[in-house]
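The file my_file-v1.cif comes next; it holds mmCIF, N, CA and C atoms.
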data_upload
#
loop_
_atom_site.label_atom_id
_atom_site.label_comp_id
_atom_site.auth_asym_id
_atom_site.auth_seq_id
_atom_site.Cartn_x
_atom_site.Cartn_y
_atom_site.Cartn_z
N MET K 23 53.78 50.23 1.35
CA MET K 23 54.86 50.77 0.53
C MET K 23 55.02 49.87 -0.71
N THR K 24 55.03 50.49 -1.87
CA THR K 24 55.18 49.73 -3.10
C THR K 24 56.63 49.30 -3.27
N LEU K 25 56.84 48.37 -4.18
CA LEU K 25 58.21 47.92 -4.46
C LEU K 25 59.07 49.08 -4.97
N PHE K 26 58.47 49.95 -5.77
CA PHE K 26 59.21 51.11 -6.30
C PHE K 26 59.71 51.98 -5.15
N ASP K 27 58.84 52.26 -4.18
CA ASP K 27 59.23 53.08 -3.02
C ASP K 27 60.28 52.36 -2.18
N GLN K 28 60.12 51.04 -2.03
CA GLN K 28 61.07 50.26 -1.24
C GLN K 28 62.47 50.30 -1.87
N ILE K 29 62.52 50.18 -3.20
CA ILE K 29 63.80 50.22 -3.90
C ILE K 29 64.44 51.59 -3.72
N SER K 30 63.64 52.65 -3.83
CA SER K 30 64.17 54.01 -3.67
C SER K 30 64.77 54.21 -2.27
N GLU K 31 64.09 53.71 -1.26
CA GLU K 31 64.59 53.80 0.11
C GLU K 31 65.88 53.01 0.28
N ASP K 32 65.91 51.81 -0.31
CA ASP K 32 67.08 50.95 -0.17
C ASP K 32 68.29 51.50 -0.93
N ILE K 33 68.06 52.28 -1.98
CA ILE K 33 69.17 52.93 -2.68
C ILE K 33 69.84 53.91 -1.72
N LYS K 34 69.04 54.66 -0.98
CA LYS K 34 69.61 55.61 -0.01
C LYS K 34 70.43 54.87 1.06
N LYS K 35 69.88 53.76 1.54
CA LYS K 35 70.59 52.97 2.56
C LYS K 35 71.91 52.42 2.01
N ALA K 36 71.88 51.94 0.76
CA ALA K 36 73.09 51.39 0.15
C ALA K 36 74.14 52.49 -0.05
N MET K 37 73.69 53.69 -0.38
CA MET K 37 74.63 54.82 -0.53
C MET K 37 75.32 55.12 0.81
N LEU K 38 74.51 55.17 1.86
CA LEU K 38 75.07 55.47 3.18
C LEU K 38 76.02 54.36 3.64
N ALA K 39 75.68 53.11 3.30
CA ALA K 39 76.51 51.98 3.71
C ALA K 39 77.70 51.78 2.77
N LYS K 40 77.74 52.54 1.66
CA LYS K 40 78.79 52.41 0.65
C LYS K 40 78.88 50.98 0.12
N ASP K 41 77.70 50.38 -0.09
CA ASP K 41 77.59 49.01 -0.62
C ASP K 41 77.45 49.10 -2.13
N LYS K 42 78.58 49.00 -2.83
CA LYS K 42 78.60 49.20 -4.28
C LYS K 42 77.77 48.16 -5.03
N VAL K 43 77.86 46.92 -4.64
CA VAL K 43 77.12 45.85 -5.34
C VAL K 43 75.62 46.08 -5.22
N ALA K 44 75.15 46.32 -4.01
CA ALA K 44 73.72 46.56 -3.80
C ALA K 44 73.28 47.83 -4.53
N LEU K 45 74.10 48.86 -4.48
CA LEU K 45 73.76 50.12 -5.14
C LEU K 45 73.63 49.93 -6.65
N ASP K 46 74.56 49.21 -7.25
CA ASP K 46 74.49 48.95 -8.70
C ASP K 46 73.22 48.16 -9.04
N ALA K 47 72.94 47.13 -8.26
CA ALA K 47 71.76 46.30 -8.52
C ALA K 47 70.48 47.11 -8.35
N LEU K 48 70.40 47.90 -7.29
CA LEU K 48 69.20 48.68 -7.02
C LEU K 48 68.98 49.78 -8.05
N ARG K 49 70.06 50.38 -8.50
CA ARG K 49 69.93 51.39 -9.55
C ARG K 49 69.44 50.77 -10.85
N GLY K 50 69.91 49.56 -11.14
CA GLY K 50 69.43 48.85 -12.32
C GLY K 50 67.94 48.55 -12.23
N ILE K 51 67.50 48.15 -11.05
CA ILE K 51 66.08 47.87 -10.82
C ILE K 51 65.27 49.15 -11.01
N LYS K 52 65.73 50.23 -10.40
CA LYS K 52 64.98 51.49 -10.48
C LYS K 52 64.90 51.98 -11.92
N LYS K 53 65.96 51.80 -12.68
CA LYS K 53 65.96 52.19 -14.10
C LYS K 53 64.86 51.43 -14.84
N GLU K 54 64.80 50.13 -14.63
CA GLU K 54 63.78 49.32 -15.30
C GLU K 54 62.38 49.72 -14.84
N PHE K 55 62.22 50.01 -13.55
CA PHE K 55 60.93 50.43 -13.03
C PHE K 55 60.49 51.74 -13.66
N LEU K 56 61.42 52.70 -13.75
CA LEU K 56 61.09 54.00 -14.35
C LEU K 56 60.71 53.84 -15.82
N GLU K 57 61.43 52.99 -16.53
CA GLU K 57 61.09 52.75 -17.93
C GLU K 57 59.71 52.13 -18.06
N ALA K 58 59.36 51.23 -17.16
CA ALA K 58 58.04 50.60 -17.21
C ALA K 58 56.95 51.62 -16.86
N LYS K 59 57.23 52.52 -15.92
CA LYS K 59 56.25 53.53 -15.54
C LYS K 59 55.94 54.48 -16.68
N THR K 60 56.96 54.83 -17.44
CA THR K 60 56.79 55.82 -18.50
C THR K 60 56.60 55.19 -19.87
N ALA K 61 56.45 53.88 -19.93
CA ALA K 61 56.29 53.19 -21.21
C ALA K 61 54.99 53.63 -21.89
N LYS K 62 55.04 53.60 -23.19
CA LYS K 62 53.88 53.97 -23.99
C LYS K 62 52.73 53.02 -23.67
N GLY K 63 51.55 53.56 -23.49
CA GLY K 63 50.38 52.74 -23.20
C GLY K 63 50.18 52.47 -21.72
N GLY K 64 51.11 52.91 -20.88
CA GLY K 64 50.97 52.70 -19.45
C GLY K 64 50.15 53.81 -18.81
N ASP K 65 49.78 53.62 -17.56
CA ASP K 65 48.99 54.63 -16.87
C ASP K 65 49.84 55.49 -15.94
N GLY K 66 51.15 55.40 -16.08
CA GLY K 66 52.05 56.19 -15.25
C GLY K 66 52.29 55.59 -13.88
N GLU K 67 51.71 54.45 -13.63
CA GLU K 67 51.88 53.76 -12.36
C GLU K 67 52.60 52.43 -12.60
N LEU K 68 53.28 51.98 -11.57
CA LEU K 68 53.93 50.67 -11.64
C LEU K 68 53.33 49.82 -10.53
N HIS K 69 52.50 48.88 -10.93
CA HIS K 69 51.85 48.00 -9.96
C HIS K 69 52.82 46.90 -9.56
N ASP K 70 52.64 46.39 -8.34
CA ASP K 70 53.58 45.41 -7.80
C ASP K 70 53.66 44.13 -8.64
N ASP K 71 52.56 43.71 -9.27
CA ASP K 71 52.63 42.50 -10.08
C ASP K 71 53.54 42.71 -11.29
N ARG K 72 53.49 43.89 -11.89
CA ARG K 72 54.38 44.22 -13.02
C ARG K 72 55.81 44.35 -12.50
N ALA K 73 55.98 44.93 -11.33
CA ALA K 73 57.31 45.09 -10.74
C ALA K 73 57.95 43.72 -10.49
N LEU K 74 57.16 42.75 -10.03
CA LEU K 74 57.68 41.40 -9.80
C LEU K 74 58.12 40.75 -11.10
N GLN K 75 57.38 40.98 -12.18
CA GLN K 75 57.78 40.45 -13.49
C GLN K 75 59.14 41.03 -13.89
N ILE K 76 59.31 42.32 -13.66
CA ILE K 76 60.57 42.98 -14.01
C ILE K 76 61.71 42.39 -13.18
N LEU K 77 61.48 42.20 -11.89
CA LEU K 77 62.51 41.64 -11.02
C LEU K 77 62.90 40.23 -11.47
N GLN K 78 61.90 39.43 -11.85
CA GLN K 78 62.20 38.08 -12.33
C GLN K 78 63.03 38.13 -13.60
N LYS K 79 62.70 39.06 -14.48
CA LYS K 79 63.46 39.20 -15.73
C LYS K 79 64.91 39.59 -15.42
N LEU K 80 65.10 40.49 -14.46
CA LEU K 80 66.45 40.92 -14.11
C LEU K 80 67.26 39.78 -13.50
N VAL K 81 66.63 38.97 -12.66
CA VAL K 81 67.32 37.82 -12.07
C VAL K 81 67.75 36.86 -13.17
N LYS K 82 66.84 36.59 -14.10
CA LYS K 82 67.15 35.68 -15.20
C LYS K 82 68.31 36.22 -16.03
N GLN K 83 68.30 37.53 -16.31
CA GLN K 83 69.39 38.14 -17.08
C GLN K 83 70.72 38.01 -16.36
N ARG K 84 70.72 38.25 -15.05
CA ARG K 84 71.96 38.16 -14.28
C ARG K 84 72.51 36.74 -14.29
N LYS K 85 71.62 35.75 -14.15
CA LYS K 85 72.07 34.35 -14.15
C LYS K 85 72.64 33.96 -15.51
N GLU K 86 71.98 34.40 -16.58
CA GLU K 86 72.49 34.09 -17.92
C GLU K 86 73.83 34.77 -18.16
N SER K 87 73.98 36.00 -17.69
CA SER K 87 75.25 36.71 -17.84
C SER K 87 76.35 35.99 -17.09
N ALA K 88 76.04 35.55 -15.86
CA ALA K 88 77.04 34.83 -15.06
C ALA K 88 77.47 33.54 -15.77
N GLU K 89 76.52 32.84 -16.38
CA GLU K 89 76.86 31.61 -17.12
C GLU K 89 77.80 31.93 -18.28
N MET K 90 77.51 33.01 -18.99
CA MET K 90 78.36 33.39 -20.13
C MET K 90 79.75 33.80 -19.65
N TYR K 91 79.83 34.52 -18.54
CA TYR K 91 81.14 34.91 -18.01
C TYR K 91 81.93 33.69 -17.57
N ASN K 92 81.25 32.74 -16.95
CA ASN K 92 81.94 31.50 -16.55
C ASN K 92 82.44 30.75 -17.76
N ALA K 93 81.64 30.70 -18.81
CA ALA K 93 82.05 30.01 -20.04
C ALA K 93 83.23 30.70 -20.70
N ALA K 94 83.31 32.03 -20.51
CA ALA K 94 84.41 32.81 -21.10
C ALA K 94 85.60 32.89 -20.14
N ASN K 95 85.56 32.12 -19.07
CA ASN K 95 86.64 32.08 -18.08
C ASN K 95 86.87 33.45 -17.43
N ARG K 96 85.77 34.09 -17.03
CA ARG K 96 85.84 35.37 -16.33
C ARG K 96 85.07 35.27 -15.01
N PRO K 97 85.60 34.48 -14.05
CA PRO K 97 84.87 34.24 -12.80
C PRO K 97 84.61 35.50 -11.98
N GLU K 98 85.50 36.50 -12.07
CA GLU K 98 85.29 37.72 -11.27
C GLU K 98 84.04 38.47 -11.74
N LEU K 99 83.78 38.48 -13.04
CA LEU K 99 82.58 39.13 -13.57
C LEU K 99 81.34 38.28 -13.27
N ALA K 100 81.49 36.98 -13.32
CA ALA K 100 80.38 36.09 -13.00
C ALA K 100 79.97 36.26 -11.55
N GLU K 101 80.94 36.39 -10.66
CA GLU K 101 80.64 36.56 -9.24
C GLU K 101 79.92 37.88 -8.99
N GLU K 102 80.32 38.93 -9.71
CA GLU K 102 79.66 40.23 -9.57
C GLU K 102 78.19 40.14 -10.01
N GLU K 103 77.94 39.44 -11.11
CA GLU K 103 76.56 39.26 -11.59
C GLU K 103 75.73 38.47 -10.57
N MET K 104 76.32 37.43 -10.00
CA MET K 104 75.58 36.62 -9.02
C MET K 104 75.33 37.39 -7.74
N ALA K 105 76.27 38.26 -7.35
CA ALA K 105 76.06 39.09 -6.17
C ALA K 105 74.89 40.04 -6.40
N GLN K 106 74.82 40.63 -7.58
CA GLN K 106 73.69 41.50 -7.90
C GLN K 106 72.39 40.70 -7.96
N CYS K 107 72.47 39.49 -8.46
CA CYS K 107 71.32 38.60 -8.54
C CYS K 107 70.76 38.33 -7.13
N ARG K 108 71.65 38.09 -6.18
CA ARG K 108 71.21 37.83 -4.80
C ARG K 108 70.51 39.05 -4.20
N VAL K 109 70.99 40.25 -4.55
CA VAL K 109 70.35 41.48 -4.06
C VAL K 109 68.93 41.57 -4.63
N ILE K 110 68.79 41.32 -5.91
CA ILE K 110 67.48 41.42 -6.57
C ILE K 110 66.51 40.37 -6.02
N GLU K 111 67.02 39.16 -5.77
CA GLU K 111 66.17 38.07 -5.28
C GLU K 111 65.55 38.38 -3.92
N GLN K 112 66.15 39.29 -3.16
CA GLN K 112 65.59 39.65 -1.85
C GLN K 112 64.21 40.28 -1.98
N TYR K 113 63.90 40.84 -3.13
CA TYR K 113 62.63 41.52 -3.34
C TYR K 113 61.57 40.62 -3.96
N LEU K 114 61.95 39.39 -4.29
CA LEU K 114 61.01 38.43 -4.86
C LEU K 114 60.40 37.59 -3.74
N PRO K 115 59.17 37.14 -3.93
CA PRO K 115 58.59 36.22 -2.93
C PRO K 115 59.34 34.89 -2.95
N ALA K 116 59.20 34.14 -1.88
CA ALA K 116 59.89 32.84 -1.78
C ALA K 116 59.40 31.91 -2.88
N MET K 117 60.34 31.18 -3.45
CA MET K 117 60.00 30.23 -4.51
C MET K 117 59.42 28.96 -3.90
N LEU K 118 58.58 28.28 -4.69
CA LEU K 118 57.98 27.03 -4.24
C LEU K 118 59.05 25.94 -4.18
N SER K 119 58.90 25.05 -3.21
CA SER K 119 59.79 23.89 -3.15
C SER K 119 59.37 22.90 -4.23
N GLU K 120 60.18 21.89 -4.45
CA GLU K 120 59.89 20.86 -5.46
C GLU K 120 58.55 20.18 -5.19
N GLU K 121 58.29 19.85 -3.91
CA GLU K 121 57.04 19.17 -3.55
C GLU K 121 55.84 20.09 -3.75
N GLU K 122 55.98 21.36 -3.34
CA GLU K 122 54.88 22.32 -3.50
C GLU K 122 54.57 22.55 -4.97
N LEU K 123 55.61 22.63 -5.79
CA LEU K 123 55.42 22.83 -7.23
C LEU K 123 54.70 21.62 -7.83
N THR K 124 55.12 20.42 -7.45
CA THR K 124 54.48 19.21 -7.96
C THR K 124 53.01 19.16 -7.58
N SER K 125 52.68 19.45 -6.33
CA SER K 125 51.27 19.39 -5.90
C SER K 125 50.45 20.47 -6.59
N ALA K 126 51.00 21.68 -6.74
CA ALA K 126 50.28 22.75 -7.42
C ALA K 126 50.02 22.39 -8.88
N LEU K 127 51.01 21.84 -9.55
CA LEU K 127 50.86 21.47 -10.95
C LEU K 127 49.91 20.29 -11.12
N THR K 128 49.93 19.36 -10.18
CA THR K 128 49.01 18.22 -10.24
C THR K 128 47.57 18.73 -10.16
N ALA K 129 47.33 19.69 -9.28
CA ALA K 129 46.00 20.28 -9.15
C ALA K 129 45.59 21.01 -10.42
N ILE K 130 46.53 21.74 -11.03
CA ILE K 130 46.24 22.46 -12.27
C ILE K 130 45.93 21.49 -13.40
N ILE K 131 46.69 20.40 -13.48
CA ILE K 131 46.47 19.39 -14.52
C ILE K 131 45.07 18.79 -14.37
N ALA K 132 44.66 18.52 -13.13
CA ALA K 132 43.32 17.98 -12.89
C ALA K 132 42.26 19.02 -13.24
N GLN K 133 42.50 20.26 -12.89
CA GLN K 133 41.56 21.36 -13.16
C GLN K 133 41.35 21.54 -14.66
N VAL K 134 42.42 21.48 -15.43
CA VAL K 134 42.36 21.68 -16.87
C VAL K 134 41.84 20.42 -17.57
N GLY K 135 42.04 19.27 -16.95
CA GLY K 135 41.62 18.01 -17.55
C GLY K 135 42.61 17.51 -18.58
N ALA K 136 43.89 17.78 -18.36
CA ALA K 136 44.93 17.35 -19.30
C ALA K 136 45.12 15.85 -19.23
N ALA K 137 45.25 15.24 -20.41
CA ALA K 137 45.38 13.78 -20.48
C ALA K 137 46.78 13.33 -20.85
N GLY K 138 47.55 14.18 -21.51
CA GLY K 138 48.88 13.76 -21.94
C GLY K 138 49.70 14.92 -22.44
N PRO K 139 50.86 14.63 -23.00
CA PRO K 139 51.78 15.68 -23.46
C PRO K 139 51.17 16.65 -24.47
N GLN K 140 50.15 16.22 -25.22
CA GLN K 140 49.53 17.11 -26.19
C GLN K 140 48.77 18.26 -25.51
N ASP K 141 48.47 18.15 -24.22
CA ASP K 141 47.76 19.18 -23.48
C ASP K 141 48.69 20.12 -22.72
N MET K 142 49.98 20.04 -23.01
CA MET K 142 50.95 20.84 -22.27
C MET K 142 50.66 22.34 -22.40
N GLY K 143 50.26 22.79 -23.56
CA GLY K 143 49.97 24.21 -23.77
C GLY K 143 48.86 24.72 -22.87
N LYS K 144 47.80 23.92 -22.73
CA LYS K 144 46.69 24.30 -21.84
C LYS K 144 47.17 24.44 -20.40
N VAL K 145 47.94 23.45 -19.96
CA VAL K 145 48.43 23.45 -18.57
C VAL K 145 49.37 24.62 -18.33
N MET K 146 50.29 24.84 -19.28
CA MET K 146 51.28 25.92 -19.12
C MET K 146 50.61 27.29 -19.05
N GLY K 147 49.55 27.49 -19.84
CA GLY K 147 48.84 28.77 -19.81
C GLY K 147 48.30 29.09 -18.43
N VAL K 148 47.68 28.10 -17.81
CA VAL K 148 47.11 28.29 -16.47
C VAL K 148 48.22 28.35 -15.43
N ALA K 149 49.19 27.46 -15.55
CA ALA K 149 50.25 27.35 -14.54
C ALA K 149 51.10 28.61 -14.46
N THR K 150 51.46 29.18 -15.62
CA THR K 150 52.30 30.37 -15.59
C THR K 150 51.57 31.56 -14.96
N LYS K 151 50.25 31.62 -15.13
CA LYS K 151 49.49 32.70 -14.49
C LYS K 151 49.39 32.48 -12.99
N GLN K 152 49.05 31.26 -12.59
CA GLN K 152 48.84 30.98 -11.17
C GLN K 152 50.14 30.97 -10.37
N LEU K 153 51.22 30.56 -11.00
CA LEU K 153 52.48 30.40 -10.27
C LEU K 153 53.47 31.53 -10.56
N ALA K 154 52.99 32.61 -11.16
CA ALA K 154 53.87 33.74 -11.48
C ALA K 154 54.52 34.26 -10.21
N GLY K 155 55.84 34.38 -10.24
CA GLY K 155 56.59 34.88 -9.09
C GLY K 155 56.90 33.82 -8.05
N LYS K 156 56.33 32.64 -8.20
CA LYS K 156 56.53 31.58 -7.22
C LYS K 156 57.45 30.48 -7.73
N ALA K 157 57.61 30.42 -9.07
CA ALA K 157 58.48 29.40 -9.67
C ALA K 157 58.95 29.92 -11.02
N GLU K 158 60.14 29.48 -11.42
CA GLU K 158 60.68 29.89 -12.71
C GLU K 158 59.96 29.13 -13.82
N GLY K 159 59.84 29.77 -14.97
CA GLY K 159 59.17 29.17 -16.11
C GLY K 159 59.80 27.85 -16.54
N LYS K 160 61.14 27.80 -16.49
CA LYS K 160 61.85 26.57 -16.88
C LYS K 160 61.47 25.41 -15.96
N ALA K 161 61.40 25.69 -14.67
CA ALA K 161 61.07 24.65 -13.69
C ALA K 161 59.63 24.18 -13.88
N ILE K 162 58.72 25.13 -14.13
CA ILE K 162 57.32 24.78 -14.35
C ILE K 162 57.20 23.90 -15.59
N SER K 163 57.84 24.31 -16.66
CA SER K 163 57.78 23.57 -17.92
C SER K 163 58.31 22.14 -17.77
N ALA K 164 59.46 22.01 -17.12
CA ALA K 164 60.05 20.68 -16.95
C ALA K 164 59.15 19.78 -16.11
N LYS K 165 58.58 20.34 -15.03
CA LYS K 165 57.74 19.54 -14.15
C LYS K 165 56.43 19.16 -14.84
N VAL K 166 55.84 20.08 -15.63
CA VAL K 166 54.61 19.78 -16.36
C VAL K 166 54.87 18.65 -17.36
N ARG K 167 55.98 18.75 -18.07
CA ARG K 167 56.34 17.71 -19.05
C ARG K 167 56.48 16.36 -18.35
N GLU K 168 57.15 16.36 -17.20
CA GLU K 168 57.35 15.13 -16.44
C GLU K 168 56.00 14.54 -15.98
N LEU K 169 55.13 15.39 -15.46
CA LEU K 169 53.85 14.91 -14.95
C LEU K 169 52.93 14.41 -16.06
N LEU K 170 53.00 15.06 -17.22
CA LEU K 170 52.12 14.64 -18.33
C LEU K 170 52.62 13.37 -19.01
N GLN K 171 53.88 13.03 -18.82
CA GLN K 171 54.43 11.79 -19.41
C GLN K 171 53.89 10.56 -18.70
N LYS K 172 53.47 10.72 -17.46
CA LYS K 172 53.03 9.56 -16.65
C LYS K 172 51.71 9.02 -17.14
#
Taking this structure as input, can you express it in the form of structure tokens?
Amino acid sequence: MTLFDQISEDIKKAMLAKDKVALDALRGIKKEFLEAKTAKGGDGELHDDRALQILQKLVKQRKESAEMYNAANRPELAEEEMAQCRVIEQYLPAMLSEEELTSALTAIIAQVGAAGPQDMGKVMGVATKQLAGKAEGKAISAKVRELLQK
């Protein structure tokens, strides 16, 4: 079952359970999936790797919105965004731990032959492809910078 099919099934379950937060989050996901399926230049299909990119983008958007609501002293709206974020995160693969990220990046740095901070671009190009869906871009970037400083 593809992620698109899974989301469609879970929308039905959320409707039956009258779970408004999950329903809102799932409808948002499905909207983005449908837009990606019908986007110009697409083949009319939504592959799971593209679906995971969309889910990561939605999680990032929700977190940024929650931060803005907190800054504007609107905790009730921030909590709603974070609740939707938690629903979306259920469909993402488990994130790498700090130790796993460090070991993966150390291997990538050795593979690329990076010698210092000037090689960050080379490392990031490989790392973002290999670790897509397993770690956030910000975390990868910070850890690569830290490792290349040594």
Suppose a student applies the PyMOL selection byres (((chain K and resi 126 and name CA) around 12) and name CA) to this structure; what residues should they get, written as an MDAnalysis selection string? chainID K and resid 118:125 127:133 145 148:150 152:153 156:157 162 165:166 169
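You will find atom C of K:Ala88 at 5.8 Å from atom N of K:Ala100.
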Run DSSP on the backbone of this structure and report the residues of stretch 132-172 of chain K it assigns to helix (DSSP H, G or I), as a ChimeraX atom specification. /K:132-134,139-152,159-171
Please dump the current selection as an mmCIF file, in the frame of the given file; keep N, CA and C atoms.
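The result, stored in selection.cif:
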data_model
loop_
_atom_site.group_PDB
_atom_site.id
_atom_site.type_symbol
_atom_site.label_atom_id
_atom_site.label_comp_id
_atom_site.auth_asym_id
_atom_site.auth_seq_id
_atom_site.Cartn_x
_atom_site.Cartn_y
_atom_site.Cartn_z
ATOM 1 N N ALA K 132 44.660 18.520 -13.130
ATOM 2 C CA ALA K 132 43.320 17.980 -12.890
ATOM 3 C C ALA K 132 42.260 19.020 -13.240
ATOM 4 N N GLN K 133 42.500 20.260 -12.890
ATOM 5 C CA GLN K 133 41.560 21.360 -13.160
ATOM 6 C C GLN K 133 41.350 21.540 -14.660
ATOM 7 N N VAL K 134 42.420 21.480 -15.430
ATOM 8 C CA VAL K 134 42.360 21.680 -16.870
ATOM 9 C C VAL K 134 41.840 20.420 -17.570
ATOM 10 N N PRO K 139 50.860 14.630 -23.000
ATOM 11 C CA PRO K 139 51.780 15.680 -23.460
ATOM 12 C C PRO K 139 51.170 16.650 -24.470
ATOM 13 N N GLN K 140 50.150 16.220 -25.220
ATOM 14 C CA GLN K 140 49.530 17.110 -26.190
ATOM 15 C C GLN K 140 48.770 18.260 -25.510
ATOM 16 N N ASP K 141 48.470 18.150 -24.220
ATOM 17 C CA ASP K 141 47.760 19.180 -23.480
ATOM 18 C C ASP K 141 48.690 20.120 -22.720
ATOM 19 N N MET K 142 49.980 20.040 -23.010
ATOM 20 C CA MET K 142 50.950 20.840 -22.270
ATOM 21 C C MET K 142 50.660 22.340 -22.400
ATOM 22 N N GLY K 143 50.260 22.790 -23.560
ATOM 23 C CA GLY K 143 49.970 24.210 -23.770
ATOM 24 C C GLY K 143 48.860 24.720 -22.870
ATOM 25 N N LYS K 144 47.800 23.920 -22.730
ATOM 26 C CA LYS K 144 46.690 24.300 -21.840
ATOM 27 C C LYS K 144 47.170 24.440 -20.400
ATOM 28 N N VAL K 145 47.940 23.450 -19.960
ATOM 29 C CA VAL K 145 48.430 23.450 -18.570
ATOM 30 C C VAL K 145 49.370 24.620 -18.330
ATOM 31 N N MET K 146 50.290 24.840 -19.280
ATOM 32 C CA MET K 146 51.280 25.920 -19.120
ATOM 33 C C MET K 146 50.610 27.290 -19.050
ATOM 34 N N GLY K 147 49.550 27.490 -19.840
ATOM 35 C CA GLY K 147 48.840 28.770 -19.810
ATOM 36 C C GLY K 147 48.300 29.090 -18.430
ATOM 37 N N VAL K 148 47.680 28.100 -17.810
ATOM 38 C CA VAL K 148 47.110 28.290 -16.470
ATOM 39 C C VAL K 148 48.220 28.350 -15.430
ATOM 40 N N ALA K 149 49.190 27.460 -15.550
ATOM 41 C CA ALA K 149 50.250 27.350 -14.540
ATOM 42 C C ALA K 149 51.100 28.610 -14.460
ATOM 43 N N THR K 150 51.460 29.180 -15.620
ATOM 44 C CA THR K 150 52.300 30.370 -15.590
ATOM 45 C C THR K 150 51.570 31.560 -14.960
ATOM 46 N N LYS K 151 50.250 31.620 -15.130
ATOM 47 C CA LYS K 151 49.490 32.700 -14.490
ATOM 48 C C LYS K 151 49.390 32.480 -12.990
ATOM 49 N N GLN K 152 49.050 31.260 -12.590
ATOM 50 C CA GLN K 152 48.840 30.980 -11.170
ATOM 51 C C GLN K 152 50.140 30.970 -10.370
ATOM 52 N N GLY K 159 59.840 29.770 -14.970
ATOM 53 C CA GLY K 159 59.170 29.170 -16.110
ATOM 54 C C GLY K 159 59.800 27.850 -16.540
ATOM 55 N N LYS K 160 61.140 27.800 -16.490
ATOM 56 C CA LYS K 160 61.850 26.570 -16.880
ATOM 57 C C LYS K 160 61.470 25.410 -15.960
ATOM 58 N N ALA K 161 61.400 25.690 -14.670
ATOM 59 C CA ALA K 161 61.070 24.650 -13.690
ATOM 60 C C ALA K 161 59.630 24.180 -13.880
ATOM 61 N N ILE K 162 58.720 25.130 -14.130
ATOM 62 C CA ILE K 162 57.320 24.780 -14.350
ATOM 63 C C ILE K 162 57.200 23.900 -15.590
ATOM 64 N N SER K 163 57.840 24.310 -16.660
ATOM 65 C CA SER K 163 57.780 23.570 -17.920
ATOM 66 C C SER K 163 58.310 22.140 -17.770
ATOM 67 N N ALA K 164 59.460 22.010 -17.120
ATOM 68 C CA ALA K 164 60.050 20.680 -16.950
ATOM 69 C C ALA K 164 59.150 19.780 -16.110
ATOM 70 N N LYS K 165 58.580 20.340 -15.030
ATOM 71 C CA LYS K 165 57.740 19.540 -14.150
ATOM 72 C C LYS K 165 56.430 19.160 -14.840
ATOM 73 N N VAL K 166 55.840 20.080 -15.630
ATOM 74 C CA VAL K 166 54.610 19.780 -16.360
ATOM 75 C C VAL K 166 54.870 18.650 -17.360
ATOM 76 N N ARG K 167 55.980 18.750 -18.070
ATOM 77 C CA ARG K 167 56.340 17.710 -19.050
ATOM 78 C C ARG K 167 56.480 16.360 -18.350
ATOM 79 N N GLU K 168 57.150 16.360 -17.200
ATOM 80 C CA GLU K 168 57.350 15.130 -16.440
ATOM 81 C C GLU K 168 56.000 14.540 -15.980
ATOM 82 N N LEU K 169 55.130 15.390 -15.460
ATOM 83 C CA LEU K 169 53.850 14.910 -14.950
ATOM 84 C C LEU K 169 52.930 14.410 -16.060
ATOM 85 N N LEU K 170 53.000 15.060 -17.220
ATOM 86 C CA LEU K 170 52.120 14.640 -18.330
ATOM 87 C C LEU K 170 52.620 13.370 -19.010
ATOM 88 N N GLN K 171 53.880 13.030 -18.820
ATOM 89 C CA GLN K 171 54.430 11.790 -19.410
ATOM 90 C C GLN K 171 53.890 10.560 -18.700
#
Quick one: residues within 12 Å of K:Glu86, only C-alpha atoms counted, chain neighbours fewer than 4 positions away excluded, as JSON, numbers by chain? {"K": [79, 80, 81, 82, 90, 91, 92, 93, 100, 103, 104, 107]}
Determine, counting only C-alpha atoms, which protein, DNA and RNA residues have an atom within 12 Å of an atom of stretch 48-64 of chain K; residues of the same chain fewer than 5 positions away are not included. Present the result as number ranges by chain. K: 24-37, 41-43, 69-81, 83-84, 103, 105-113
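Taking atom CA of K:Lys172 and atom CA of K:Met142 as endpoints, the distance between them is 12.8 Å.
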Have a look at atom N of K:Ser163 and atom N of K:Gln140 and let me know their distance in Å, one decimal. 14.1 Å
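Closest to K:Gly138 among K:Lys85, K:Arg167, K:Lys40, K:Arg96 is K:Arg167, based on only N, CA and C atoms.
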Could you complete stretch 50-55 of chain K so that it carries N, CA, C and O atoms, and give it back as a PDB file, in the coordinates of the input?
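Dumped to out18.pdb:
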ATOM      1  N   GLY K  50      69.910  49.560 -11.140  1.00  0.00           N
ATOM      2  CA  GLY K  50      69.430  48.850 -12.320  1.00  0.00           C
ATOM      3  C   GLY K  50      67.940  48.550 -12.230  1.00  0.00           C
ATOM      4  O   GLY K  50      67.194  48.689 -13.209  1.00  0.00           O
ATOM      5  N   ILE K  51      67.500  48.150 -11.050  1.00  0.00           N
ATOM      6  CA  ILE K  51      66.080  47.870 -10.820  1.00  0.00           C
ATOM      7  C   ILE K  51      65.270  49.150 -11.010  1.00  0.00           C
ATOM      8  O   ILE K  51      64.259  49.155 -11.715  1.00  0.00           O
ATOM      9  N   LYS K  52      65.730  50.230 -10.400  1.00  0.00           N
ATOM     10  CA  LYS K  52      64.980  51.490 -10.480  1.00  0.00           C
ATOM     11  C   LYS K  52      64.900  51.980 -11.920  1.00  0.00           C
ATOM     12  O   LYS K  52      63.850  52.477 -12.352  1.00  0.00           O
ATOM     13  N   LYS K  53      65.960  51.800 -12.680  1.00  0.00           N
ATOM     14  CA  LYS K  53      65.960  52.190 -14.100  1.00  0.00           C
ATOM     15  C   LYS K  53      64.860  51.430 -14.840  1.00  0.00           C
ATOM     16  O   LYS K  53      64.078  52.025 -15.590  1.00  0.00           O
ATOM     17  N   GLU K  54      64.800  50.130 -14.630  1.00  0.00           N
ATOM     18  CA  GLU K  54      63.780  49.320 -15.300  1.00  0.00           C
ATOM     19  C   GLU K  54      62.380  49.720 -14.840  1.00  0.00           C
ATOM     20  O   GLU K  54      61.445  49.771 -15.643  1.00  0.00           O
ATOM     21  N   PHE K  55      62.220  50.010 -13.550  1.00  0.00           N
ATOM     22  CA  PHE K  55      60.930  50.430 -13.030  1.00  0.00           C
ATOM     23  C   PHE K  55      60.490  51.740 -13.660  1.00  0.00           C
ATOM     24  O   PHE K  55      59.332  51.908 -14.041  1.00  0.00           O
TER      25      PHE K  55
END
